[in-house]
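Source file data-v2.txt; content: compact mmCIF, C-alpha atoms and all ligand atoms.
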# COMPACT_ATOMS: atom_id res chain seq x y z
CA SER A 111 0.00 0.00 0.00
CA GLU A 112 3.05 2.23 0.50
CA MET A 113 3.79 1.79 -3.23
CA ILE A 114 0.26 2.72 -4.16
CA GLN A 115 0.45 5.79 -1.98
CA LEU A 116 3.71 6.84 -3.61
CA SER A 117 2.43 6.45 -7.12
CA SER A 118 -0.73 8.23 -6.18
CA ARG A 119 1.28 11.11 -4.73
CA SER A 120 3.55 11.54 -7.74
CA GLN A 121 0.53 11.31 -9.99
CA SER A 122 -1.02 14.04 -7.95
CA LEU A 123 2.02 16.24 -8.48
CA GLY A 124 1.36 15.93 -12.20
CA TYR A 125 -2.26 16.85 -11.65
CA ALA A 126 -1.23 19.75 -9.47
CA LEU A 127 0.94 21.15 -12.28
CA ALA A 128 -1.73 20.66 -14.91
CA LEU A 129 -4.29 22.22 -12.64
CA ARG A 130 -2.12 25.17 -11.74
CA PHE A 131 -1.85 25.84 -15.45
CA LEU A 132 -5.61 25.64 -15.86
CA ALA A 133 -6.10 27.89 -12.86
CA LEU A 134 -3.70 30.43 -14.35
CA VAL A 135 -5.60 30.40 -17.59
CA LEU A 136 -8.96 30.77 -15.91
CA TRP A 137 -8.12 33.12 -13.07
CA GLY A 138 -4.91 34.76 -14.20
CA ASN A 139 -6.59 38.12 -14.51
CA PRO A 140 -8.71 39.81 -11.90
CA ARG A 141 -12.37 39.67 -12.78
CA ALA A 142 -13.59 42.53 -14.94
CA ARG A 143 -15.87 45.16 -13.51
CA ALA A 144 -19.55 44.22 -13.67
CA LEU A 145 -22.52 46.31 -14.71
CA ASP A 146 -23.04 48.54 -11.69
CA ASN A 147 -26.75 48.12 -11.06
CA GLY A 148 -26.47 46.01 -7.92
CA LEU A 149 -28.39 43.12 -9.49
CA ALA A 150 -27.76 39.47 -10.38
CA MET A 151 -25.26 38.97 -7.57
CA THR A 152 -26.09 35.28 -8.03
CA PRO A 153 -27.46 33.87 -11.31
CA THR A 154 -30.99 35.05 -12.02
CA MET A 155 -33.77 32.46 -11.61
CA GLY A 156 -37.25 32.39 -13.08
CA TRP A 157 -39.59 31.24 -15.80
CA LEU A 158 -39.55 32.25 -19.45
CA HIS A 159 -42.06 31.24 -22.11
CA TRP A 160 -39.86 30.83 -25.17
CA GLU A 161 -38.71 27.22 -25.59
CA ARG A 162 -42.02 25.68 -24.50
CA PHE A 163 -44.54 28.14 -25.95
CA MET A 164 -42.48 29.79 -28.68
CA CYS A 165 -44.38 32.26 -30.86
CA ASN A 166 -47.80 30.69 -30.66
CA VAL A 167 -50.20 33.55 -31.30
CA ASP A 168 -53.19 31.43 -32.33
CA CYS A 169 -55.45 31.86 -29.34
CA ARG A 170 -58.52 30.76 -31.27
CA GLU A 171 -57.23 27.24 -31.99
CA GLU A 172 -54.89 26.86 -29.02
CA PRO A 173 -56.18 29.06 -26.22
CA TYR A 174 -54.36 27.01 -23.58
CA SER A 175 -50.88 27.44 -25.03
CA CYS A 176 -50.88 30.70 -26.95
CA ILE A 177 -48.90 33.72 -25.77
CA SER A 178 -51.58 35.56 -23.86
CA GLU A 179 -52.32 37.41 -20.67
CA GLN A 180 -53.97 34.26 -19.33
CA LEU A 181 -50.86 32.10 -19.80
CA PHE A 182 -48.76 34.45 -17.70
CA MET A 183 -51.44 34.87 -15.07
CA GLN A 184 -51.65 31.10 -14.63
CA MET A 185 -47.87 30.78 -14.40
CA ALA A 186 -47.71 33.60 -11.86
CA ASP A 187 -50.24 31.84 -9.63
CA LEU A 188 -48.43 28.50 -9.89
CA MET A 189 -45.00 29.99 -9.25
CA VAL A 190 -46.28 31.02 -5.85
CA SER A 191 -48.67 28.16 -4.98
CA ASP A 192 -46.35 25.34 -6.07
CA GLY A 193 -43.28 26.53 -4.24
CA TRP A 194 -41.23 27.75 -7.23
CA LYS A 195 -40.81 31.21 -5.87
CA ASP A 196 -39.82 29.87 -2.44
CA VAL A 197 -36.84 27.99 -3.87
CA GLY A 198 -35.67 30.99 -5.87
CA TYR A 199 -37.47 31.15 -9.24
CA GLU A 200 -38.60 34.73 -8.76
CA TYR A 201 -38.63 36.33 -12.21
CA LEU A 202 -41.56 35.69 -14.54
CA CYS A 203 -40.54 36.67 -18.05
CA ILE A 204 -42.44 37.36 -21.21
CA ASP A 205 -40.31 36.53 -24.22
CA ASP A 206 -40.98 37.51 -27.83
CA CYS A 207 -44.40 37.67 -29.57
CA TRP A 208 -46.29 39.73 -27.02
CA MET A 209 -46.40 42.68 -29.36
CA ALA A 210 -49.20 43.70 -31.68
CA PRO A 211 -48.25 43.66 -35.36
CA LYS A 212 -48.77 47.43 -35.42
CA ARG A 213 -47.40 50.13 -33.20
CA ASP A 214 -49.71 52.50 -31.38
CA LEU A 215 -50.50 56.01 -32.61
CA GLU A 216 -47.40 57.41 -30.94
CA GLY A 217 -45.20 54.83 -32.66
CA LYS A 218 -44.59 52.73 -29.54
CA LEU A 219 -44.52 48.96 -29.41
CA GLN A 220 -47.75 47.76 -27.83
CA ALA A 221 -48.99 44.44 -26.50
CA ASP A 222 -51.40 42.66 -28.83
CA PRO A 223 -54.81 43.95 -27.70
CA GLU A 224 -56.58 40.65 -28.38
CA ARG A 225 -54.16 38.46 -26.48
CA PHE A 226 -53.30 41.03 -23.79
CA PRO A 227 -56.54 43.00 -23.36
CA GLY A 228 -55.19 44.88 -20.35
CA GLY A 229 -51.80 45.53 -21.86
CA ILE A 230 -48.50 45.10 -20.03
CA ARG A 231 -49.69 47.43 -17.31
CA ARG A 232 -52.59 45.23 -16.17
CA LEU A 233 -50.43 42.12 -16.35
CA ALA A 234 -47.83 43.83 -14.19
CA SER A 235 -50.42 44.66 -11.56
CA TYR A 236 -51.73 41.10 -11.67
CA PHE A 237 -48.19 39.83 -11.02
CA ILE A 238 -47.77 42.12 -8.03
CA HIS A 239 -51.17 41.02 -6.75
CA SER A 240 -50.10 37.36 -7.04
CA PHE A 241 -46.87 38.08 -5.14
CA ILE A 242 -44.67 37.82 -8.20
CA HIS A 243 -42.77 41.01 -7.64
CA LYS A 244 -40.21 40.55 -10.37
CA TYR A 245 -41.09 40.13 -14.00
CA GLY A 246 -39.41 40.80 -17.26
CA ILE A 247 -39.94 41.29 -20.93
CA TYR A 248 -38.15 40.74 -24.20
CA THR A 249 -37.77 43.58 -26.61
CA TYR A 250 -35.78 44.46 -29.69
CA ILE A 251 -34.90 47.30 -31.89
CA PHE A 252 -35.45 46.92 -35.59
CA ASN A 253 -35.46 50.28 -37.11
CA LYS A 254 -35.11 50.92 -40.78
CA ASN A 255 -32.94 53.89 -39.97
CA MET A 256 -30.97 52.06 -37.34
CA ASP A 257 -27.69 53.46 -38.55
CA LEU A 258 -28.76 56.95 -37.64
CA PRO A 259 -27.92 57.41 -33.98
CA GLY A 260 -30.75 59.89 -33.53
CA SER A 261 -33.40 57.44 -34.62
CA PHE A 262 -31.80 54.77 -32.49
CA PHE A 263 -32.25 56.87 -29.37
CA LEU A 264 -35.79 57.77 -30.35
CA GLU A 265 -36.51 54.07 -30.64
CA ILE A 266 -35.08 53.31 -27.22
CA TYR A 267 -37.03 56.10 -25.61
CA SER A 268 -40.22 55.03 -27.36
CA GLN A 269 -39.82 51.76 -25.46
CA ILE A 270 -38.95 53.20 -22.10
CA TYR A 271 -42.63 53.27 -21.11
CA ILE A 272 -42.62 49.45 -20.91
CA ILE A 273 -39.58 49.67 -18.73
CA TYR A 274 -41.53 51.43 -16.01
CA TYR A 275 -43.46 48.22 -15.43
CA ILE A 276 -40.67 45.69 -15.49
CA TYR A 277 -37.70 44.38 -13.52
CA LEU A 278 -35.79 42.47 -16.17
CA ILE A 279 -35.25 43.22 -19.80
CA SER A 280 -34.02 40.77 -22.36
CA TYR A 281 -32.88 42.69 -25.36
CA PHE A 282 -32.01 41.88 -28.92
CA THR A 283 -30.58 44.01 -31.67
CA HIS A 284 -28.58 43.36 -34.79
CA CYS A 285 -26.88 46.63 -34.08
CA PHE A 286 -24.41 44.84 -31.84
CA LEU A 287 -21.60 47.33 -31.66
CA THR A 288 -23.58 50.15 -30.15
CA GLY A 289 -27.09 48.85 -29.53
CA TYR A 290 -26.41 46.83 -26.40
CA LYS A 291 -24.37 49.59 -24.82
CA HIS A 292 -26.94 52.26 -25.60
CA MET A 293 -29.72 50.16 -24.14
CA SER A 294 -27.69 49.55 -20.99
CA LEU A 295 -27.06 53.28 -20.58
CA ALA A 296 -30.71 54.08 -21.31
CA LEU A 297 -31.78 51.59 -18.62
CA ASN A 298 -29.41 53.19 -16.17
CA LYS A 299 -30.87 56.62 -16.94
CA THR A 300 -34.36 55.43 -16.00
CA GLY A 301 -33.04 55.23 -12.45
CA ARG A 302 -34.75 51.88 -11.95
CA SER A 303 -32.87 48.69 -11.12
CA ILE A 304 -33.52 46.36 -14.04
CA VAL A 305 -31.70 43.11 -14.75
CA TYR A 306 -30.30 43.40 -18.26
CA SER A 307 -30.00 40.20 -20.30
CA CYS A 308 -28.14 40.44 -23.64
CA GLU A 309 -27.59 38.40 -26.76
CA TRP A 310 -24.59 40.54 -27.61
CA PRO A 311 -21.84 37.90 -28.03
CA LEU A 312 -24.18 35.53 -29.90
CA TYR A 313 -24.82 38.03 -32.68
CA MET A 314 -21.33 39.48 -32.60
CA ARG A 315 -19.45 36.19 -32.89
CA PRO A 316 -19.84 35.72 -36.66
CA PHE A 317 -18.27 39.15 -37.25
CA LYS A 318 -15.92 39.91 -34.42
CA LYS A 319 -14.43 38.22 -31.37
CA PRO A 320 -16.59 39.24 -28.39
CA ASN A 321 -14.79 41.19 -25.70
CA TYR A 322 -16.38 39.56 -22.67
CA LYS A 323 -14.84 42.00 -20.21
CA GLU A 324 -16.53 44.84 -22.03
CA ILE A 325 -19.83 42.95 -22.30
CA ARG A 326 -19.76 42.32 -18.55
CA GLN A 327 -19.66 46.07 -17.94
CA TYR A 328 -22.99 46.51 -19.73
CA CYS A 329 -25.03 43.33 -19.22
CA ASN A 330 -26.05 41.14 -16.26
CA HIS A 331 -26.05 38.03 -18.44
CA TRP A 332 -25.18 37.37 -22.01
CA ARG A 333 -25.92 34.58 -24.49
CA SER A 334 -23.01 33.31 -26.58
CA PHE A 335 -24.48 30.24 -28.21
CA ALA A 336 -27.56 29.15 -30.18
CA ASP A 337 -31.01 28.82 -28.61
CA ILE A 338 -31.58 25.65 -26.64
CA SER A 339 -34.14 23.18 -27.94
CA ASP A 340 -35.84 20.27 -26.23
CA SER A 341 -33.23 17.65 -27.15
CA TRP A 342 -30.09 15.96 -25.88
CA GLU A 343 -28.27 17.08 -29.05
CA SER A 344 -28.91 20.65 -28.06
CA VAL A 345 -27.86 20.26 -24.40
CA LYS A 346 -24.72 18.41 -25.53
CA SER A 347 -23.82 21.08 -28.08
CA ILE A 348 -24.12 23.80 -25.43
CA LEU A 349 -21.85 21.87 -23.06
CA ASP A 350 -19.34 21.22 -25.84
CA TRP A 351 -19.28 24.86 -26.89
CA THR A 352 -18.85 25.96 -23.29
CA SER A 353 -15.99 23.59 -22.52
CA SER A 354 -14.15 24.37 -25.72
CA ASN A 355 -14.39 28.11 -25.02
CA GLN A 356 -13.87 27.98 -21.27
CA GLU A 357 -10.55 29.84 -21.27
CA LYS A 358 -12.39 32.83 -22.72
CA ILE A 359 -15.61 32.79 -20.76
CA VAL A 360 -15.24 31.14 -17.35
CA GLY A 361 -13.05 33.79 -15.76
CA VAL A 362 -15.40 36.59 -16.76
CA ALA A 363 -18.43 35.27 -14.86
CA GLY A 364 -19.06 36.46 -11.35
CA PRO A 365 -21.45 38.42 -9.13
CA GLY A 366 -23.30 40.90 -11.35
CA GLY A 367 -22.51 39.21 -14.69
CA TRP A 368 -22.96 35.64 -15.96
CA ASN A 369 -22.53 33.55 -19.07
CA ASP A 370 -26.00 32.43 -20.15
CA PRO A 371 -26.17 29.00 -21.81
CA ASP A 372 -29.94 29.52 -22.23
CA MET A 373 -33.09 28.14 -20.61
CA LEU A 374 -33.77 24.94 -18.68
CA VAL A 375 -36.01 22.62 -20.70
CA ILE A 376 -36.54 20.13 -17.86
CA GLY A 377 -40.13 18.90 -17.60
CA ASN A 378 -40.80 18.91 -21.34
CA PHE A 379 -40.64 16.10 -23.91
CA GLY A 380 -37.19 15.67 -25.42
CA LEU A 381 -34.85 14.67 -22.59
CA SER A 382 -34.69 11.34 -20.78
CA TRP A 383 -34.55 11.40 -16.99
CA ASP A 384 -30.76 11.02 -16.97
CA GLN A 385 -30.39 13.82 -19.52
CA GLN A 386 -32.54 16.11 -17.39
CA VAL A 387 -30.25 15.34 -14.45
CA THR A 388 -27.23 16.24 -16.60
CA HIS A 389 -28.94 19.45 -17.72
CA MET A 390 -29.68 20.56 -14.14
CA ALA A 391 -26.31 19.51 -12.72
CA LEU A 392 -24.27 21.24 -15.41
CA TRP A 393 -26.31 24.46 -15.33
CA ALA A 394 -25.42 24.53 -11.62
CA ILE A 395 -21.72 23.92 -12.37
CA MET A 396 -21.76 26.64 -15.07
CA ALA A 397 -23.29 29.24 -12.69
CA ALA A 398 -25.96 29.69 -15.34
CA PRO A 399 -29.07 31.82 -14.97
CA LEU A 400 -31.88 29.31 -14.29
CA PHE A 401 -34.85 30.22 -16.44
CA MET A 402 -37.22 27.29 -16.82
CA SER A 403 -39.26 27.07 -19.98
CA ASN A 404 -41.91 24.45 -19.29
CA ASP A 405 -45.57 24.14 -18.42
CA LEU A 406 -45.97 24.53 -14.67
CA ARG A 407 -49.64 23.47 -15.04
CA SER A 408 -48.73 19.92 -16.02
CA ILE A 409 -45.11 19.31 -15.00
CA SER A 410 -44.35 15.86 -13.57
CA PRO A 411 -43.56 15.51 -9.86
CA GLN A 412 -40.14 14.08 -10.77
CA ALA A 413 -39.14 17.05 -12.97
CA LYS A 414 -40.50 19.43 -10.35
CA ALA A 415 -38.41 17.78 -7.63
CA LEU A 416 -35.28 18.07 -9.80
CA LEU A 417 -35.89 21.75 -10.58
CA GLN A 418 -36.67 22.49 -6.93
CA ASP A 419 -33.75 20.50 -5.51
CA LYS A 420 -32.37 22.86 -2.88
CA ASP A 421 -28.88 21.32 -2.87
CA VAL A 422 -28.45 21.80 -6.62
CA ILE A 423 -29.87 25.32 -6.45
CA ALA A 424 -27.43 26.09 -3.61
CA ILE A 425 -24.54 25.11 -5.90
CA ASN A 426 -25.91 27.26 -8.72
CA GLN A 427 -26.44 30.20 -6.36
CA ASP A 428 -23.17 29.86 -4.46
CA PRO A 429 -22.17 33.35 -3.29
CA LEU A 430 -18.52 32.99 -4.35
CA GLY A 431 -19.89 33.27 -7.88
CA LYS A 432 -17.17 31.39 -9.74
CA GLN A 433 -18.19 29.46 -12.82
CA GLY A 434 -17.09 25.82 -13.08
CA TYR A 435 -15.16 24.26 -15.93
CA LEU A 436 -14.36 20.97 -17.61
CA LEU A 437 -11.46 19.47 -15.68
CA ARG A 438 -10.82 16.45 -17.84
CA LYS A 439 -12.17 14.00 -20.38
CA VAL A 440 -11.34 10.35 -19.92
CA ASP A 441 -12.81 7.85 -22.29
CA SER A 442 -16.32 9.16 -22.73
CA PHE A 443 -16.50 10.54 -19.19
CA GLU A 444 -16.26 14.23 -18.52
CA VAL A 445 -15.33 15.58 -15.11
CA TRP A 446 -16.39 19.17 -14.38
CA GLU A 447 -15.76 21.06 -11.16
CA ARG A 448 -16.73 24.36 -9.61
CA PRO A 449 -15.19 26.11 -6.61
CA LEU A 450 -17.74 27.06 -3.95
CA SER A 451 -17.62 29.21 -0.87
CA ASP A 452 -16.33 27.72 2.43
CA LEU A 453 -13.58 25.83 0.54
CA ALA A 454 -16.17 23.44 -0.87
CA TRP A 455 -16.32 22.19 -4.45
CA ALA A 456 -18.99 20.79 -6.74
CA VAL A 457 -17.95 17.99 -9.07
CA ALA A 458 -20.00 16.57 -11.94
CA ILE A 459 -19.15 13.34 -13.73
CA ILE A 460 -21.00 12.89 -17.03
CA ASN A 461 -21.10 9.59 -18.89
CA LYS A 462 -21.37 10.65 -22.52
CA GLN A 463 -21.47 7.14 -23.91
CA GLU A 464 -24.86 6.66 -25.55
CA THR A 465 -24.92 2.87 -25.58
CA GLY A 466 -24.84 0.17 -22.91
CA GLY A 467 -25.66 0.55 -19.26
CA PRO A 468 -24.23 2.30 -16.22
CA ARG A 469 -20.42 2.50 -16.27
CA SER A 470 -18.01 3.07 -13.45
CA TYR A 471 -15.46 5.83 -13.20
CA THR A 472 -12.84 5.87 -10.48
CA ILE A 473 -11.70 9.29 -9.28
CA SER A 474 -8.46 9.97 -7.48
CA ILE A 475 -9.66 12.18 -4.69
CA ASP A 476 -6.47 14.25 -4.84
CA SER A 477 -7.19 15.23 -8.45
CA LEU A 478 -10.30 17.19 -7.48
CA GLY A 479 -10.61 20.79 -6.44
CA ARG A 480 -7.17 21.84 -7.70
CA GLY A 481 -5.56 19.34 -5.37
CA VAL A 482 -6.69 21.23 -2.27
CA ALA A 483 -10.34 20.28 -1.82
CA CYS A 484 -9.53 17.05 -0.02
CA ASN A 485 -6.18 17.74 1.55
CA PRO A 486 -5.92 15.98 3.95
CA ALA A 487 -9.52 14.70 3.80
CA CYS A 488 -12.98 15.77 2.81
CA HIS A 489 -16.60 14.91 3.19
CA ILE A 490 -18.43 13.96 0.00
CA THR A 491 -22.18 14.13 -0.57
CA GLN A 492 -23.79 12.88 -3.74
CA ILE A 493 -26.44 15.45 -4.73
CA LEU A 494 -27.74 13.95 -8.00
CA PRO A 495 -29.28 11.73 -9.26
CA VAL A 496 -30.27 11.09 -5.60
CA LYS A 497 -28.88 12.49 -2.40
CA ARG A 498 -26.53 10.13 -0.59
CA GLU A 499 -23.79 10.68 1.99
CA LEU A 500 -20.56 9.15 0.73
CA GLY A 501 -18.62 9.88 3.92
CA PHE A 502 -15.06 11.01 4.60
CA HIS A 503 -12.30 10.45 2.09
CA GLU A 504 -8.58 10.84 2.51
CA TRP A 505 -6.54 12.75 -0.01
CA ILE A 506 -4.89 9.64 -1.42
CA SER A 507 -8.01 7.52 -1.67
CA ARG A 508 -10.12 6.73 -4.67
CA LEU A 509 -13.83 6.80 -5.22
CA LYS A 510 -15.73 4.62 -7.65
CA ILE A 511 -18.79 6.26 -9.20
CA TRP A 512 -21.44 4.63 -11.41
CA VAL A 513 -23.00 6.84 -14.05
CA ASN A 514 -25.89 6.04 -16.42
CA PRO A 515 -25.48 6.70 -20.16
CA THR A 516 -25.96 10.46 -20.83
CA GLY A 517 -26.48 10.90 -17.07
CA THR A 518 -24.46 12.76 -14.46
CA VAL A 519 -23.44 12.21 -10.88
CA LEU A 520 -23.17 15.52 -9.05
CA LEU A 521 -21.08 15.62 -5.87
CA ARG A 522 -20.51 18.24 -3.24
CA ILE A 523 -17.13 18.05 -1.56
CA GLY A 524 -17.11 19.57 1.88
CA LYS A 525 -14.35 21.54 3.53
CA ARG A 526 -11.45 20.07 5.40
CA THR A 527 -12.20 19.27 8.99
CA THR A 528 -9.90 19.48 11.97
CA ALA A 529 -10.81 15.91 12.92
CA SER A 530 -9.14 14.56 9.80
CA ASN A 531 -5.88 16.40 10.48
CA SER A 532 -4.93 13.62 12.84
CA LEU A 533 -4.38 11.39 9.81
CA PHE A 534 -1.14 13.23 9.03
C1 LIG W 1 -26.16 53.84 -13.04
O1 LIG W 1 -24.76 53.79 -13.16
C2 LIG W 1 -24.05 54.33 -12.05
C3 LIG W 1 -22.57 54.35 -12.37
O2 LIG W 1 -22.12 53.13 -12.85
C4 LIG W 1 -24.38 53.52 -10.80
O3 LIG W 1 -23.68 54.01 -9.68
C5 LIG W 1 -25.87 53.54 -10.58
O4 LIG W 1 -26.21 52.72 -9.47
C6 LIG W 1 -26.62 53.04 -11.82
N1 LIG W 1 -28.05 53.16 -11.63
C7 LIG W 1 -28.92 52.19 -11.90
C8 LIG W 1 -30.34 52.49 -11.65
O5 LIG W 1 -28.58 51.10 -12.35
Could you rewrite the structure in this file as structure tokens?
Ligand SMILES: *[C@@H]1O[C@H](CO)[C@@H](O)[C@H](O)[C@H]1NC(C)=O
Amino acid sequence: SEMIQLSSRSQSLGYALALRFLALVLWGNPRARALDNGLAMTPTMGWLHWERFMCNVDCREEPYSCISEQLFMQMADLMVSDGWKDVGYEYLCIDDCWMAPKRDLEGKLQADPERFPGGIRRLASYFIHSFIHKYGIYTYIFNKNMDLPGSFFLEIYSQIYIIYYIYLISYFTHCFLTGYKHMSLALNKTGRSIVYSCEWPLYMRPFKKPNYKEIRQYCNHWRSFADISDSWESVKSILDWTSSNQEKIVGVAGPGGWNDPDMLVIGNFGLSWDQQVTHMALWAIMAAPLFMSNDLRSISPQAKALLQDKDVIAINQDPLGKQGYLLRKVDSFEVWERPLSDLAWAVAIINKQETGGPRSYTISIDSLGRGVACNPACHITQILPVKRELGFHEWISRLKIWVNPTGTVLLRIGKRTTASNSLF
């Protein structure tokens, strides 16, 4: 066993070097200044209609699932009565397709009068009445004369009236060089604290390398990658994009500004149970905003329990606010980790093999948490797929984990304890 210990220690030296390099890459620079609006100190949580309800405006044929006042009123009631708000999903957001095809007489965007008979104003007061105190809206600027700065400002100010009723704005413009900045400054000038969600890097990427430090100064979260859809292909492609760009994006995230890999589609149709577990676990590791897009009127108890899992949400909302990263790929396993407050770490092991049954992966405890998480010992709790105490583990020990195909095991590694110091 002495031999095993030795080899394990020298192996860990190698890990330590590799990890120090990774740490330098990810945290070499101090975090850029965030948008100074005091908001999104942890990733924003809520509900958003887009992936599940899309742009369904046919209320005659599909009154139950069209984008209407009634849909949002029902979601508002359920967010409170079914415990969503209690666990942190506090923002209720209206995505695209709320607008009428025509502007009002003053040239302002207006809610479709048939689908939103009381307009945004009545909906806002309904939300407040239902104890949903934070709600948001999607808007965009498409102006024929967009290149003329004057008309751009007129357009922003013609939309400011909506802003007086909302707490989060999700904003899209093709005018990516100036549009997102101008909107951010216009929001600031309203004097109201409004979470600002951007698609800036997503639309900039084809033309120019996004400057994430700059984006962080103007937006509370920003989308870099394509819209999520209700499929494993989509979830996988988001994870792959994120890990292959982690040197650029992980270090930028922090209190006030987050990378946004898009909505949670848990509780819909396209993901198996194991894939939903992977989706939830990795959105926690990535410090992602958690916006569900599902039907709270008919969600299964299992999906609800996953989305309301307090231990996973605690990882996502960890106050240290550091985004996790892919630590290594071995075979078709991926190991991701995220530093948490109180010297704790979250670790996710994904089995990306799409055939066969559960497979085992053996972790060297000393390879986790940049070699410090478990020195000299740590307490490990399995959070997903089910909560289980895995007990104390010494630095040099190994842990065998079984993971289902396309599933994930999410662990929380607790801080060093004085009791375990006696081992050394
Ligand atoms: C506007 O920006 C200033 C300077 O960054 C900041 O101090 C202030 O809190 C901001 N106001 C709002 C409402 O976001």
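Using all atoms listed in the file, the shortest contact distance between ligand LIG 1 (chain W) and any of A:Tyr290, A:Tyr306, A:Phe226, A:Phe317 is found at A:Tyr306.
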To test the calculation: enclose all listed atoms of range 315-320 of chain A in a box whose edges run along x, y and z, add 5 Å on each side, then state centre and edge lengths in Å to one decimal, as JSON.
{"center_x": -17.1, "center_y": 37.8, "center_z": -32.8, "size_x": 15.4, "size_y": 14.2, "size_z": 18.9}
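The space between CA of Ser477 in chain A and CA of Val457 in chain A spans 11.1 Å.
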If the limit is 9 Å from any atom of ligand LIG 1 (chain W), counting only C-alpha atoms and all ligand atoms, which residues qualify? Return them as a ChimeraX atom specification. /A:145-149,294-295,297-305
I'd like the interatomic distance between CA of Pro399 in chain A and CA of Leu500 in chain A, to a tenth of an Å.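 Pair CA of Pro399 in chain A / CA of Leu500 in chain A returns 28.9 Å.
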Proximity to Ile247 in chain A - best of A:Leu233, A:Ile266, A:Ile475, A:Cys203, only C-alpha atoms: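 Of A:Leu233, A:Ile266, A:Ile475, A:Cys203, the one nearest Ile247 in chain A, counting only C-alpha atoms, is A:Cys203.
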Residues near Gln327 in chain A, cut-off 10 Å, only C-alpha atoms, skip fewer than 3 positions along chain, as a count of residues only: 13
Could you pull the residues within 8 Å of Asn485 in chain A, counting all atoms listed in the file, minus those fewer than 4 positions along the same chain, as an mmCIF file with C-alpha atoms, in the coordinates of the input?
data_model
loop_
_atom_site.group_PDB
_atom_site.id
_atom_site.type_symbol
_atom_site.label_atom_id
_atom_site.label_comp_id
_atom_site.auth_asym_id
_atom_site.auth_seq_id
_atom_site.Cartn_x
_atom_site.Cartn_y
_atom_site.Cartn_z
ATOM 1 C CA ASP A 476 -6.470 14.250 -4.840
ATOM 2 C CA GLY A 481 -5.560 19.340 -5.370
ATOM 3 C CA GLU A 504 -8.580 10.840 2.510
ATOM 4 C CA TRP A 505 -6.540 12.750 -0.010
ATOM 5 C CA ARG A 526 -11.450 20.070 5.400
#
